[in-house]
Amino acid sequence: MDERKKILVIDDEEDIQKLLKIRLEQEGFTVVTAGDGERGIQTAELEKPDIIIMDIMMPNMDGYSCLKEVRKSQKIKDTPVLMLSGKEEEKIRDLFAFQKISGYVEKPFELDTLVMKIKEILKI
């Protein structure tokens, strides 16, 4: 039997965390959450998720800074990261041009679209 894929959701909005946790668990994923970038990095190193879904605009440490830290960590540097943001895709593409991200989903998003993107990245 296949082991369930683990997803880490890093977002400061609790409603988004809960919504994604419920939906992604319905899809058969294991979901862990973190409310900011600093906690997200700690959680990622501890849990070693198969993919990280990360908001860009967060307090304490934003998604851009968090992604840079993820890429420095030997434990999680190769983990696929899917960015979430209310900003336009073109601006995000420019911002992350030199950072390795696996994809981008613009807020507000359709849950089905997000799930499809996750499955595409994880090749399932």
# chains A, B, ... in the order shown; residues from 1 in each chain; ligands from 1

$ residues_around --residues "range 57-73 of chain A" --least-positions-apart "2" --cutoff "12 Å" --atoms "only C-alpha atoms" --output "mmCIF file with all heavy atoms, in the first residue's frame"
data_model
loop_
_atom_site.group_PDB
_atom_site.id
_atom_site.type_symbol
_atom_site.label_atom_id
_atom_site.label_comp_id
_atom_site.auth_asym_id
_atom_site.auth_seq_id
_atom_site.Cartn_x
_atom_site.Cartn_y
_atom_site.Cartn_z
ATOM 1 N N VAL A 9 1.203 23.100 4.775
ATOM 2 C CA VAL A 9 0.580 24.360 4.371
ATOM 3 C C VAL A 9 1.111 25.452 5.296
ATOM 4 O O VAL A 9 0.930 25.372 6.518
ATOM 5 C CB VAL A 9 -0.965 24.286 4.477
ATOM 6 C CG1 VAL A 9 -1.588 25.651 4.161
ATOM 7 C CG2 VAL A 9 -1.517 23.216 3.542
ATOM 8 N N ILE A 10 1.779 26.462 4.730
ATOM 9 C CA ILE A 10 2.284 27.593 5.513
ATOM 10 C C ILE A 10 1.485 28.823 5.081
ATOM 11 O O ILE A 10 1.655 29.327 3.966
ATOM 12 C CB ILE A 10 3.793 27.837 5.275
ATOM 13 C CG1 ILE A 10 4.603 26.563 5.514
ATOM 14 C CG2 ILE A 10 4.284 28.978 6.172
ATOM 15 C CD1 ILE A 10 6.080 26.683 5.143
ATOM 16 N N ASP A 11 0.591 29.273 5.963
ATOM 17 C CA ASP A 11 -0.267 30.417 5.656
ATOM 18 C C ASP A 11 -0.705 31.035 6.971
ATOM 19 O O ASP A 11 -1.050 30.320 7.911
ATOM 20 C CB ASP A 11 -1.490 29.955 4.846
ATOM 21 C CG ASP A 11 -2.184 31.110 4.138
ATOM 22 O OD1 ASP A 11 -2.508 32.112 4.816
ATOM 23 O OD2 ASP A 11 -2.412 31.012 2.931
ATOM 24 N N ASP A 12 -0.688 32.364 7.051
ATOM 25 C CA ASP A 12 -1.067 33.031 8.298
ATOM 26 C C ASP A 12 -2.582 33.114 8.477
ATOM 27 O O ASP A 12 -3.050 33.426 9.564
ATOM 28 C CB ASP A 12 -0.446 34.436 8.382
ATOM 29 C CG ASP A 12 -0.888 35.331 7.242
ATOM 30 O OD1 ASP A 12 -0.854 34.868 6.086
ATOM 31 O OD2 ASP A 12 -1.231 36.493 7.492
ATOM 32 N N GLU A 13 -3.349 32.791 7.456
ATOM 33 C CA GLU A 13 -4.806 32.817 7.564
ATOM 34 C C GLU A 13 -5.306 31.443 8.008
ATOM 35 O O GLU A 13 -5.223 30.465 7.263
ATOM 36 C CB GLU A 13 -5.440 33.190 6.222
ATOM 37 C CG GLU A 13 -5.130 34.603 5.789
ATOM 38 C CD GLU A 13 -5.796 34.940 4.463
ATOM 39 O OE1 GLU A 13 -7.017 34.705 4.346
ATOM 40 O OE2 GLU A 13 -5.089 35.424 3.579
ATOM 41 N N GLU A 14 -5.844 31.388 9.238
ATOM 42 C CA GLU A 14 -6.318 30.114 9.782
ATOM 43 C C GLU A 14 -7.411 29.491 8.930
ATOM 44 O O GLU A 14 -7.479 28.265 8.805
ATOM 45 C CB GLU A 14 -6.806 30.291 11.221
ATOM 46 C CG GLU A 14 -5.670 30.321 12.209
ATOM 47 C CD GLU A 14 -6.159 30.292 13.652
ATOM 48 O OE1 GLU A 14 -7.158 29.599 13.937
ATOM 49 O OE2 GLU A 14 -5.536 30.977 14.471
ATOM 50 N N ALA A 34 1.348 25.426 9.386
ATOM 51 C CA ALA A 34 2.140 26.392 10.150
ATOM 52 C C ALA A 34 1.606 27.778 9.800
ATOM 53 O O ALA A 34 1.223 28.033 8.662
ATOM 54 C CB ALA A 34 3.618 26.282 9.797
ATOM 55 N N GLY A 35 1.597 28.676 10.806
ATOM 56 C CA GLY A 35 1.007 29.992 10.627
ATOM 57 C C GLY A 35 1.949 31.087 10.178
ATOM 58 O O GLY A 35 1.516 32.198 9.901
ATOM 59 N N ASP A 36 3.242 30.793 10.101
ATOM 60 C CA ASP A 36 4.195 31.783 9.597
ATOM 61 C C ASP A 36 5.442 31.083 9.074
ATOM 62 O O ASP A 36 5.603 29.874 9.260
ATOM 63 C CB ASP A 36 4.550 32.828 10.670
ATOM 64 C CG ASP A 36 5.272 32.254 11.877
ATOM 65 O OD1 ASP A 36 6.301 31.567 11.703
ATOM 66 O OD2 ASP A 36 4.820 32.489 13.010
ATOM 67 N N GLY A 37 6.303 31.839 8.424
ATOM 68 C CA GLY A 37 7.481 31.271 7.793
ATOM 69 C C GLY A 37 8.454 30.599 8.743
ATOM 70 O O GLY A 37 8.990 29.530 8.444
ATOM 71 N N GLU A 38 8.681 31.209 9.897
ATOM 72 C CA GLU A 38 9.628 30.630 10.854
ATOM 73 C C GLU A 38 9.148 29.266 11.329
ATOM 74 O O GLU A 38 9.905 28.298 11.354
ATOM 75 C CB GLU A 38 9.830 31.582 12.039
ATOM 76 C CG GLU A 38 10.598 32.832 11.659
ATOM 77 C CD GLU A 38 10.666 33.851 12.783
ATOM 78 O OE1 GLU A 38 10.163 33.576 13.889
ATOM 79 O OE2 GLU A 38 11.216 34.937 12.540
ATOM 80 N N ARG A 39 7.871 29.199 11.741
ATOM 81 C CA ARG A 39 7.308 27.922 12.171
ATOM 82 C C ARG A 39 7.261 26.935 11.007
ATOM 83 O O ARG A 39 7.418 25.737 11.186
ATOM 84 C CB ARG A 39 5.910 28.112 12.753
ATOM 85 C CG ARG A 39 5.952 28.076 14.263
ATOM 86 C CD ARG A 39 4.574 28.027 14.866
ATOM 87 N NE ARG A 39 4.484 29.172 15.762
ATOM 88 C CZ ARG A 39 3.715 30.223 15.584
ATOM 89 N NH1 ARG A 39 2.886 30.286 14.582
ATOM 90 N NH2 ARG A 39 3.729 31.222 16.431
ATOM 91 N N GLY A 40 7.018 27.477 9.813
ATOM 92 C CA GLY A 40 6.966 26.636 8.631
ATOM 93 C C GLY A 40 8.273 25.907 8.372
ATOM 94 O O GLY A 40 8.279 24.717 8.053
ATOM 95 N N ILE A 41 9.378 26.611 8.512
ATOM 96 C CA ILE A 41 10.694 25.994 8.304
ATOM 97 C C ILE A 41 10.938 24.907 9.350
ATOM 98 O O ILE A 41 11.364 23.798 9.022
ATOM 99 C CB ILE A 41 11.815 27.057 8.349
ATOM 100 C CG1 ILE A 41 11.693 27.958 7.120
ATOM 101 C CG2 ILE A 41 13.196 26.403 8.397
ATOM 102 C CD1 ILE A 41 12.482 29.234 7.220
ATOM 103 N N GLN A 42 10.641 25.216 10.616
ATOM 104 C CA GLN A 42 10.814 24.224 11.688
ATOM 105 C C GLN A 42 9.958 22.986 11.426
ATOM 106 O O GLN A 42 10.431 21.856 11.553
ATOM 107 C CB GLN A 42 10.440 24.839 13.046
ATOM 108 C CG GLN A 42 11.366 25.948 13.483
ATOM 109 C CD GLN A 42 10.791 26.761 14.652
ATOM 110 O OE1 GLN A 42 9.650 26.572 15.064
ATOM 111 N NE2 GLN A 42 11.593 27.677 15.167
ATOM 112 N N THR A 43 8.702 23.221 11.045
ATOM 113 C CA THR A 43 7.786 22.118 10.781
ATOM 114 C C THR A 43 8.253 21.300 9.583
ATOM 115 O O THR A 43 8.214 20.069 9.612
ATOM 116 C CB THR A 43 6.351 22.651 10.535
ATOM 117 O OG1 THR A 43 5.952 23.436 11.667
ATOM 118 C CG2 THR A 43 5.359 21.515 10.334
ATOM 119 N N ALA A 44 8.714 21.973 8.546
ATOM 120 C CA ALA A 44 9.195 21.274 7.347
ATOM 121 C C ALA A 44 10.398 20.387 7.671
ATOM 122 O O ALA A 44 10.471 19.238 7.220
ATOM 123 C CB ALA A 44 9.558 22.280 6.258
ATOM 124 N N GLU A 45 11.331 20.900 8.464
ATOM 125 C CA GLU A 45 12.516 20.107 8.817
ATOM 126 C C GLU A 45 12.136 18.906 9.676
ATOM 127 O O GLU A 45 12.725 17.843 9.553
ATOM 128 C CB GLU A 45 13.554 20.983 9.507
ATOM 129 C CG GLU A 45 14.219 21.947 8.535
ATOM 130 C CD GLU A 45 15.267 22.833 9.176
ATOM 131 O OE1 GLU A 45 15.205 23.063 10.406
ATOM 132 O OE2 GLU A 45 16.148 23.312 8.432
ATOM 133 N N LEU A 46 11.147 19.071 10.522
ATOM 134 C CA LEU A 46 10.690 17.997 11.407
ATOM 135 C C LEU A 46 9.847 16.963 10.653
ATOM 136 O O LEU A 46 10.057 15.760 10.774
ATOM 137 C CB LEU A 46 9.865 18.597 12.552
ATOM 138 C CG LEU A 46 9.385 17.648 13.629
ATOM 139 C CD1 LEU A 46 10.568 17.111 14.428
ATOM 140 C CD2 LEU A 46 8.402 18.350 14.546
ATOM 141 N N LYS A 48 9.322 16.714 7.180
ATOM 142 C CA LYS A 48 9.814 16.358 5.840
ATOM 143 C C LYS A 48 8.651 16.084 4.875
ATOM 144 O O LYS A 48 8.467 14.956 4.409
ATOM 145 C CB LYS A 48 10.770 15.179 5.925
ATOM 146 C CG LYS A 48 12.023 15.518 6.712
ATOM 147 C CD LYS A 48 13.019 14.390 6.692
ATOM 148 C CE LYS A 48 14.212 14.691 7.539
ATOM 149 N NZ LYS A 48 13.977 14.609 8.978
ATOM 150 N N PRO A 49 7.871 17.126 4.555
ATOM 151 C CA PRO A 49 6.722 16.935 3.663
ATOM 152 C C PRO A 49 7.147 16.633 2.229
ATOM 153 O O PRO A 49 8.280 16.913 1.830
ATOM 154 C CB PRO A 49 6.006 18.293 3.737
ATOM 155 C CG PRO A 49 7.104 19.260 4.015
ATOM 156 C CD PRO A 49 8.062 18.529 4.930
ATOM 157 N N ILE A 51 5.546 18.027 -0.276
ATOM 158 C CA ILE A 51 5.360 19.313 -0.947
ATOM 159 C C ILE A 51 4.996 20.359 0.097
ATOM 160 O O ILE A 51 4.371 20.044 1.115
ATOM 161 C CB ILE A 51 4.277 19.236 -2.052
ATOM 162 C CG1 ILE A 51 4.210 20.546 -2.861
ATOM 163 C CG2 ILE A 51 2.938 18.847 -1.477
ATOM 164 C CD1 ILE A 51 3.319 20.457 -4.104
ATOM 165 N N ILE A 52 5.417 21.598 -0.139
ATOM 166 C CA ILE A 52 5.077 22.728 0.729
ATOM 167 C C ILE A 52 4.210 23.689 -0.072
ATOM 168 O O ILE A 52 4.575 24.074 -1.192
ATOM 169 C CB ILE A 52 6.342 23.462 1.227
ATOM 170 C CG1 ILE A 52 7.234 22.521 2.046
ATOM 171 C CG2 ILE A 52 5.956 24.713 2.030
ATOM 172 C CD1 ILE A 52 8.610 23.088 2.388
ATOM 173 N N ILE A 53 3.068 24.047 0.498
ATOM 174 C CA ILE A 53 2.208 25.082 -0.093
ATOM 175 C C ILE A 53 2.391 26.307 0.788
ATOM 176 O O ILE A 53 2.153 26.253 2.005
ATOM 177 C CB ILE A 53 0.733 24.644 -0.112
ATOM 178 C CG1 ILE A 53 0.589 23.385 -0.955
ATOM 179 C CG2 ILE A 53 -0.149 25.771 -0.641
ATOM 180 C CD1 ILE A 53 -0.787 22.774 -0.906
ATOM 181 N N MET A 54 2.839 27.410 0.203
ATOM 182 C CA MET A 54 3.241 28.561 0.998
ATOM 183 C C MET A 54 2.633 29.858 0.477
ATOM 184 O O MET A 54 2.704 30.144 -0.716
ATOM 185 C CB MET A 54 4.773 28.667 0.960
ATOM 186 C CG MET A 54 5.355 29.714 1.853
ATOM 187 S SD MET A 54 7.157 29.898 1.648
ATOM 188 C CE MET A 54 7.774 28.232 1.571
ATOM 189 N N ASP A 55 2.068 30.625 1.406
ATOM 190 C CA ASP A 55 1.587 31.964 1.080
ATOM 191 C C ASP A 55 2.797 32.887 0.992
ATOM 192 O O ASP A 55 3.825 32.640 1.626
ATOM 193 C CB ASP A 55 0.626 32.432 2.179
ATOM 194 C CG ASP A 55 -0.090 33.726 1.833
ATOM 195 O OD1 ASP A 55 -0.174 34.061 0.637
ATOM 196 O OD2 ASP A 55 -0.571 34.392 2.753
ATOM 197 N N LYS A 75 17.986 19.378 4.889
ATOM 198 C CA LYS A 75 16.897 18.415 5.081
ATOM 199 C C LYS A 75 15.750 18.602 4.094
ATOM 200 O O LYS A 75 15.078 17.641 3.741
ATOM 201 C CB LYS A 75 16.333 18.536 6.505
ATOM 202 C CG LYS A 75 17.304 18.155 7.590
ATOM 203 C CD LYS A 75 16.668 18.359 8.945
ATOM 204 C CE LYS A 75 17.653 18.088 10.052
ATOM 205 N NZ LYS A 75 17.067 18.342 11.374
ATOM 206 N N ILE A 76 15.506 19.841 3.658
ATOM 207 C CA ILE A 76 14.296 20.116 2.868
ATOM 208 C C ILE A 76 14.555 20.907 1.585
ATOM 209 O O ILE A 76 13.614 21.292 0.901
ATOM 210 C CB ILE A 76 13.244 20.864 3.726
ATOM 211 C CG1 ILE A 76 13.848 22.134 4.339
ATOM 212 C CG2 ILE A 76 12.654 19.941 4.771
ATOM 213 C CD1 ILE A 76 12.872 23.018 5.088
ATOM 214 N N LYS A 77 15.811 21.104 1.235
ATOM 215 C CA LYS A 77 16.143 21.991 0.113
ATOM 216 C C LYS A 77 15.553 21.559 -1.219
ATOM 217 O O LYS A 77 15.333 22.381 -2.098
ATOM 218 C CB LYS A 77 17.655 22.175 -0.005
ATOM 219 C CG LYS A 77 18.403 20.920 -0.387
ATOM 220 C CD LYS A 77 19.893 21.171 -0.452
ATOM 221 C CE LYS A 77 20.591 19.860 -0.689
ATOM 222 N NZ LYS A 77 21.405 19.835 -1.835
ATOM 223 N N ASP A 78 15.284 20.268 -1.398
ATOM 224 C CA ASP A 78 14.757 19.781 -2.670
ATOM 225 C C ASP A 78 13.238 19.572 -2.661
ATOM 226 O O ASP A 78 12.673 19.070 -3.632
ATOM 227 C CB ASP A 78 15.457 18.476 -3.062
ATOM 228 C CG ASP A 78 16.941 18.691 -3.319
ATOM 229 O OD1 ASP A 78 17.299 19.732 -3.906
ATOM 230 O OD2 ASP A 78 17.745 17.827 -2.922
ATOM 231 N N THR A 79 12.591 19.960 -1.576
ATOM 232 C CA THR A 79 11.143 19.801 -1.465
ATOM 233 C C THR A 79 10.439 20.743 -2.444
ATOM 234 O O THR A 79 10.738 21.937 -2.476
ATOM 235 C CB THR A 79 10.679 20.123 -0.022
ATOM 236 O OG1 THR A 79 11.408 19.308 0.902
ATOM 237 C CG2 THR A 79 9.184 19.879 0.148
ATOM 238 N N PRO A 80 9.493 20.225 -3.232
ATOM 239 C CA PRO A 80 8.739 21.106 -4.135
ATOM 240 C C PRO A 80 7.940 22.142 -3.332
ATOM 241 O O PRO A 80 7.398 21.820 -2.270
ATOM 242 C CB PRO A 80 7.784 20.163 -4.866
ATOM 243 C CG PRO A 80 8.292 18.788 -4.625
ATOM 244 C CD PRO A 80 9.084 18.829 -3.364
ATOM 245 N N VAL A 81 7.906 23.374 -3.833
ATOM 246 C CA VAL A 81 7.162 24.452 -3.171
ATOM 247 C C VAL A 81 6.176 25.047 -4.168
ATOM 248 O O VAL A 81 6.552 25.419 -5.279
ATOM 249 C CB VAL A 81 8.112 25.549 -2.639
ATOM 250 C CG1 VAL A 81 7.317 26.715 -2.058
ATOM 251 C CG2 VAL A 81 9.066 24.975 -1.591
ATOM 252 N N LEU A 82 4.923 25.132 -3.740
ATOM 253 C CA LEU A 82 3.855 25.751 -4.516
ATOM 254 C C LEU A 82 3.467 27.038 -3.804
ATOM 255 O O LEU A 82 3.078 27.011 -2.644
ATOM 256 C CB LEU A 82 2.663 24.793 -4.603
ATOM 257 C CG LEU A 82 1.433 25.249 -5.373
ATOM 258 C CD1 LEU A 82 1.764 25.481 -6.841
ATOM 259 C CD2 LEU A 82 0.325 24.221 -5.248
ATOM 260 N N MET A 83 3.627 28.163 -4.462
ATOM 261 C CA MET A 83 3.348 29.462 -3.852
ATOM 262 C C MET A 83 1.889 29.868 -4.062
ATOM 263 O O MET A 83 1.313 29.616 -5.118
ATOM 264 C CB MET A 83 4.255 30.549 -4.452
ATOM 265 C CG MET A 83 5.744 30.304 -4.320
ATOM 266 S SD MET A 83 6.380 30.060 -2.636
ATOM 267 C CE MET A 83 6.046 31.645 -1.893
ATOM 268 N N LEU A 84 1.323 30.515 -3.031
ATOM 269 C CA LEU A 84 -0.026 31.082 -3.092
ATOM 270 C C LEU A 84 0.090 32.586 -2.910
ATOM 271 O O LEU A 84 0.827 33.043 -2.045
ATOM 272 C CB LEU A 84 -0.899 30.549 -1.957
ATOM 273 C CG LEU A 84 -1.188 29.073 -1.869
ATOM 274 C CD1 LEU A 84 -2.004 28.785 -0.618
ATOM 275 C CD2 LEU A 84 -1.930 28.588 -3.100
ATOM 276 N N SER A 85 -0.640 33.337 -3.715
ATOM 277 C CA SER A 85 -0.613 34.782 -3.525
ATOM 278 C C SER A 85 -1.758 35.464 -4.232
ATOM 279 O O SER A 85 -2.253 34.978 -5.250
ATOM 280 C CB SER A 85 0.695 35.372 -4.042
ATOM 281 O OG SER A 85 0.684 36.782 -3.868
ATOM 282 N N GLY A 86 -2.126 36.620 -3.701
ATOM 283 C CA GLY A 86 -3.119 37.463 -4.337
ATOM 284 C C GLY A 86 -2.490 38.350 -5.398
ATOM 285 O O GLY A 86 -3.179 39.079 -6.097
ATOM 286 N N LYS A 87 -1.187 38.318 -5.525
ATOM 287 C CA LYS A 87 -0.491 39.142 -6.518
ATOM 288 C C LYS A 87 -0.584 38.496 -7.901
ATOM 289 O O LYS A 87 -0.785 37.305 -8.017
ATOM 290 C CB LYS A 87 0.980 39.305 -6.138
ATOM 291 C CG LYS A 87 1.193 40.118 -4.878
ATOM 292 C CD LYS A 87 2.676 40.258 -4.612
ATOM 293 C CE LYS A 87 2.940 40.981 -3.323
ATOM 294 N NZ LYS A 87 2.813 42.410 -3.395
ATOM 295 N N ILE A 92 4.923 37.702 -9.577
ATOM 296 C CA ILE A 92 5.475 36.581 -8.812
ATOM 297 C C ILE A 92 6.599 35.910 -9.596
ATOM 298 O O ILE A 92 7.641 35.579 -9.040
ATOM 299 C CB ILE A 92 4.360 35.551 -8.487
ATOM 300 C CG1 ILE A 92 3.259 36.200 -7.643
ATOM 301 C CG2 ILE A 92 4.930 34.322 -7.801
ATOM 302 C CD1 ILE A 92 3.728 36.882 -6.394
ATOM 303 N N ARG A 93 6.384 35.728 -10.871
ATOM 304 C CA ARG A 93 7.409 35.087 -11.712
ATOM 305 C C ARG A 93 8.703 35.899 -11.650
ATOM 306 O O ARG A 93 9.788 35.336 -11.512
ATOM 307 C CB ARG A 93 6.894 34.971 -13.143
ATOM 308 C CG ARG A 93 7.623 33.939 -13.955
ATOM 309 C CD ARG A 93 7.046 33.672 -15.336
ATOM 310 N NE ARG A 93 6.295 34.762 -15.921
ATOM 311 C CZ ARG A 93 5.000 34.703 -16.217
ATOM 312 N NH1 ARG A 93 4.314 33.615 -15.981
ATOM 313 N NH2 ARG A 93 4.385 35.731 -16.763
ATOM 314 N N ASP A 94 8.601 37.216 -11.711
ATOM 315 C CA ASP A 94 9.791 38.074 -11.618
ATOM 316 C C ASP A 94 10.444 37.953 -10.243
ATOM 317 O O ASP A 94 11.656 37.835 -10.135
ATOM 318 C CB ASP A 94 9.427 39.536 -11.885
ATOM 319 C CG ASP A 94 9.019 39.774 -13.332
ATOM 320 O OD1 ASP A 94 9.294 38.906 -14.190
ATOM 321 O OD2 ASP A 94 8.411 40.831 -13.595
ATOM 322 N N LEU A 95 9.618 37.969 -9.194
ATOM 323 C CA LEU A 95 10.128 37.900 -7.824
ATOM 324 C C LEU A 95 10.870 36.593 -7.555
ATOM 325 O O LEU A 95 11.891 36.565 -6.883
ATOM 326 C CB LEU A 95 8.958 38.062 -6.835
ATOM 327 C CG LEU A 95 9.280 38.055 -5.346
ATOM 328 C CD1 LEU A 95 10.183 39.227 -4.975
ATOM 329 C CD2 LEU A 95 7.999 38.113 -4.537
ATOM 330 N N PHE A 96 10.340 35.504 -8.106
ATOM 331 C CA PHE A 96 10.914 34.188 -7.819
ATOM 332 C C PHE A 96 11.765 33.642 -8.966
ATOM 333 O O PHE A 96 12.061 32.453 -9.012
ATOM 334 C CB PHE A 96 9.798 33.199 -7.460
ATOM 335 C CG PHE A 96 9.195 33.490 -6.129
ATOM 336 C CD1 PHE A 96 8.041 34.244 -6.023
ATOM 337 C CD2 PHE A 96 9.792 33.037 -4.961
ATOM 338 C CE1 PHE A 96 7.482 34.533 -4.791
ATOM 339 C CE2 PHE A 96 9.244 33.324 -3.731
ATOM 340 C CZ PHE A 96 8.093 34.068 -3.639
ATOM 341 N N ALA A 97 12.170 34.497 -9.874
ATOM 342 C CA ALA A 97 12.927 34.061 -11.051
ATOM 343 C C ALA A 97 14.179 33.270 -10.673
ATOM 344 O O ALA A 97 14.548 32.334 -11.378
ATOM 345 C CB ALA A 97 13.300 35.265 -11.907
ATOM 346 N N PHE A 98 14.812 33.609 -9.574
ATOM 347 C CA PHE A 98 16.062 32.940 -9.200
ATOM 348 C C PHE A 98 15.885 31.955 -8.051
ATOM 349 O O PHE A 98 16.846 31.413 -7.549
ATOM 350 C CB PHE A 98 17.139 33.979 -8.855
ATOM 351 C CG PHE A 98 17.415 34.901 -10.010
ATOM 352 C CD1 PHE A 98 16.970 36.207 -9.994
ATOM 353 C CD2 PHE A 98 18.082 34.442 -11.135
ATOM 354 C CE1 PHE A 98 17.200 37.058 -11.075
ATOM 355 C CE2 PHE A 98 18.313 35.279 -12.218
ATOM 356 C CZ PHE A 98 17.873 36.592 -12.190
ATOM 357 N N GLN A 99 14.649 31.732 -7.652
ATOM 358 C CA GLN A 99 14.357 30.750 -6.616
ATOM 359 C C GLN A 99 13.612 29.595 -7.268
ATOM 360 O O GLN A 99 12.771 29.805 -8.130
ATOM 361 C CB GLN A 99 13.478 31.361 -5.509
ATOM 362 C CG GLN A 99 14.128 32.494 -4.768
ATOM 363 C CD GLN A 99 15.344 32.064 -3.986
ATOM 364 O OE1 GLN A 99 15.427 30.948 -3.504
ATOM 365 N NE2 GLN A 99 16.303 32.962 -3.855
ATOM 366 N N LYS A 100 13.910 28.403 -6.850
ATOM 367 C CA LYS A 100 13.280 27.227 -7.440
ATOM 368 C C LYS A 100 11.898 27.001 -6.816
ATOM 369 O O LYS A 100 11.801 26.598 -5.665
ATOM 370 C CB LYS A 100 14.178 26.007 -7.202
ATOM 371 C CG LYS A 100 13.797 24.784 -7.981
ATOM 372 C CD LYS A 100 14.826 23.694 -7.756
ATOM 373 C CE LYS A 100 14.115 22.506 -7.143
ATOM 374 N NZ LYS A 100 14.986 21.493 -6.619
ATOM 375 N N ILE A 101 10.842 27.303 -7.582
ATOM 376 C CA ILE A 101 9.497 26.968 -7.126
ATOM 377 C C ILE A 101 8.874 26.033 -8.157
ATOM 378 O O ILE A 101 9.225 26.060 -9.330
ATOM 379 C CB ILE A 101 8.592 28.202 -6.880
ATOM 380 C CG1 ILE A 101 8.349 28.999 -8.161
ATOM 381 C CG2 ILE A 101 9.141 29.064 -5.763
ATOM 382 C CD1 ILE A 101 7.280 30.075 -8.003
ATOM 383 N N SER A 102 7.960 25.202 -7.686
ATOM 384 C CA SER A 102 7.338 24.215 -8.563
ATOM 385 C C SER A 102 6.063 24.721 -9.208
ATOM 386 O O SER A 102 5.568 24.127 -10.146
ATOM 387 C CB SER A 102 7.045 22.939 -7.776
ATOM 388 O OG SER A 102 8.242 22.400 -7.288
ATOM 389 N N LYS A 107 -4.536 33.641 -5.502
ATOM 390 C CA LYS A 107 -5.704 33.734 -4.629
ATOM 391 C C LYS A 107 -6.671 34.764 -5.199
ATOM 392 O O LYS A 107 -6.206 35.765 -5.723
ATOM 393 C CB LYS A 107 -5.297 34.206 -3.226
ATOM 394 C CG LYS A 107 -4.579 33.190 -2.383
ATOM 395 C CD LYS A 107 -4.282 33.815 -1.036
ATOM 396 C CE LYS A 107 -3.669 32.859 -0.057
ATOM 397 N NZ LYS A 107 -3.399 33.488 1.235
#

$ select_by_dssp --residues "chain A" --states "alpha helix (DSSP H)" --output "PyMOL selection string"
chain A and resi 14-26+37-47+63-72+89-95+111-122

$ write_last_selection --atoms "C-alpha atoms" --output "JSON list (two decimals), in the first residue's frame"
[["chain", "number", "residue", "atom", "x", "y", "z"],
["A", 14, "GLU", "CA", -6.32, 30.11, 9.78],
["A", 15, "ASP", "CA", -9.36, 29.79, 7.51],
["A", 16, "ILE", "CA", -7.10, 28.92, 4.57],
["A", 17, "GLN", "CA", -5.18, 26.40, 6.70],
["A", 18, "LYS", "CA", -8.42, 24.70, 7.82],
["A", 19, "LEU", "CA", -9.96, 24.74, 4.35],
["A", 20, "LEU", "CA", -6.88, 23.21, 2.73],
["A", 21, "LYS", "CA", -6.43, 20.66, 5.52],
["A", 22, "ILE", "CA", -10.02, 19.41, 5.17],
["A", 23, "ARG", "CA", -9.99, 19.27, 1.37],
["A", 24, "LEU", "CA", -6.53, 17.77, 1.00],
["A", 25, "GLU", "CA", -7.23, 15.11, 3.65],
["A", 26, "GLN", "CA", -10.37, 14.21, 1.68],
["A", 37, "GLY", "CA", 7.48, 31.27, 7.79],
["A", 38, "GLU", "CA", 9.63, 30.63, 10.85],
["A", 39, "ARG", "CA", 7.31, 27.92, 12.17],
["A", 40, "GLY", "CA", 6.97, 26.64, 8.63],
["A", 41, "ILE", "CA", 10.69, 25.99, 8.30],
["A", 42, "GLN", "CA", 10.81, 24.22, 11.69],
["A", 43, "THR", "CA", 7.79, 22.12, 10.78],
["A", 44, "ALA", "CA", 9.20, 21.27, 7.35],
["A", 45, "GLU", "CA", 12.52, 20.11, 8.82],
["A", 46, "LEU", "CA", 10.69, 18.00, 11.41],
["A", 47, "GLU", "CA", 7.93, 16.56, 9.18],
["A", 63, "GLY", "CA", 7.09, 33.55, 1.78],
["A", 64, "TYR", "CA", 10.06, 34.84, -0.19],
["A", 65, "SER", "CA", 12.36, 34.82, 2.87],
["A", 66, "CYS", "CA", 10.94, 31.48, 3.98],
["A", 67, "LEU", "CA", 11.62, 29.93, 0.57],
["A", 68, "LYS", "CA", 15.24, 31.14, 0.70],
["A", 69, "GLU", "CA", 15.65, 29.46, 4.11],
["A", 70, "VAL", "CA", 14.02, 26.25, 2.86],
["A", 71, "ARG", "CA", 16.49, 26.12, -0.03],
["A", 72, "LYS", "CA", 19.42, 26.53, 2.41],
["A", 89, "GLU", "CA", 1.44, 35.83, -11.68],
["A", 90, "GLU", "CA", 3.78, 38.02, -13.75],
["A", 91, "LYS", "CA", 4.99, 39.88, -10.64],
["A", 92, "ILE", "CA", 5.47, 36.58, -8.81],
["A", 93, "ARG", "CA", 7.41, 35.09, -11.71],
["A", 94, "ASP", "CA", 9.79, 38.07, -11.62],
["A", 95, "LEU", "CA", 10.13, 37.90, -7.82],
["A", 111, "LEU", "CA", -9.80, 24.04, -4.67],
["A", 112, "ASP", "CA", -10.03, 21.65, -7.63],
["A", 113, "THR", "CA", -7.38, 23.66, -9.48],
["A", 114, "LEU", "CA", -5.08, 23.58, -6.45],
["A", 115, "VAL", "CA", -5.54, 19.83, -5.98],
["A", 116, "MET", "CA", -4.80, 19.22, -9.67],
["A", 117, "LYS", "CA", -1.63, 21.35, -9.43],
["A", 118, "ILE", "CA", -0.45, 19.42, -6.32],
["A", 119, "LYS", "CA", -1.05, 16.06, -8.00],
["A", 120, "GLU", "CA", 0.75, 17.27, -11.12],
["A", 121, "ILE", "CA", 3.80, 18.36, -9.09],
["A", 122, "LEU", "CA", 3.83, 15.09, -7.10]]

$ select_by_dssp --residues "chain A" --states "strand (DSSP E)" --output "ChimeraX atom specification"
/A:6-10,30-34,51-55,81-85,103-106
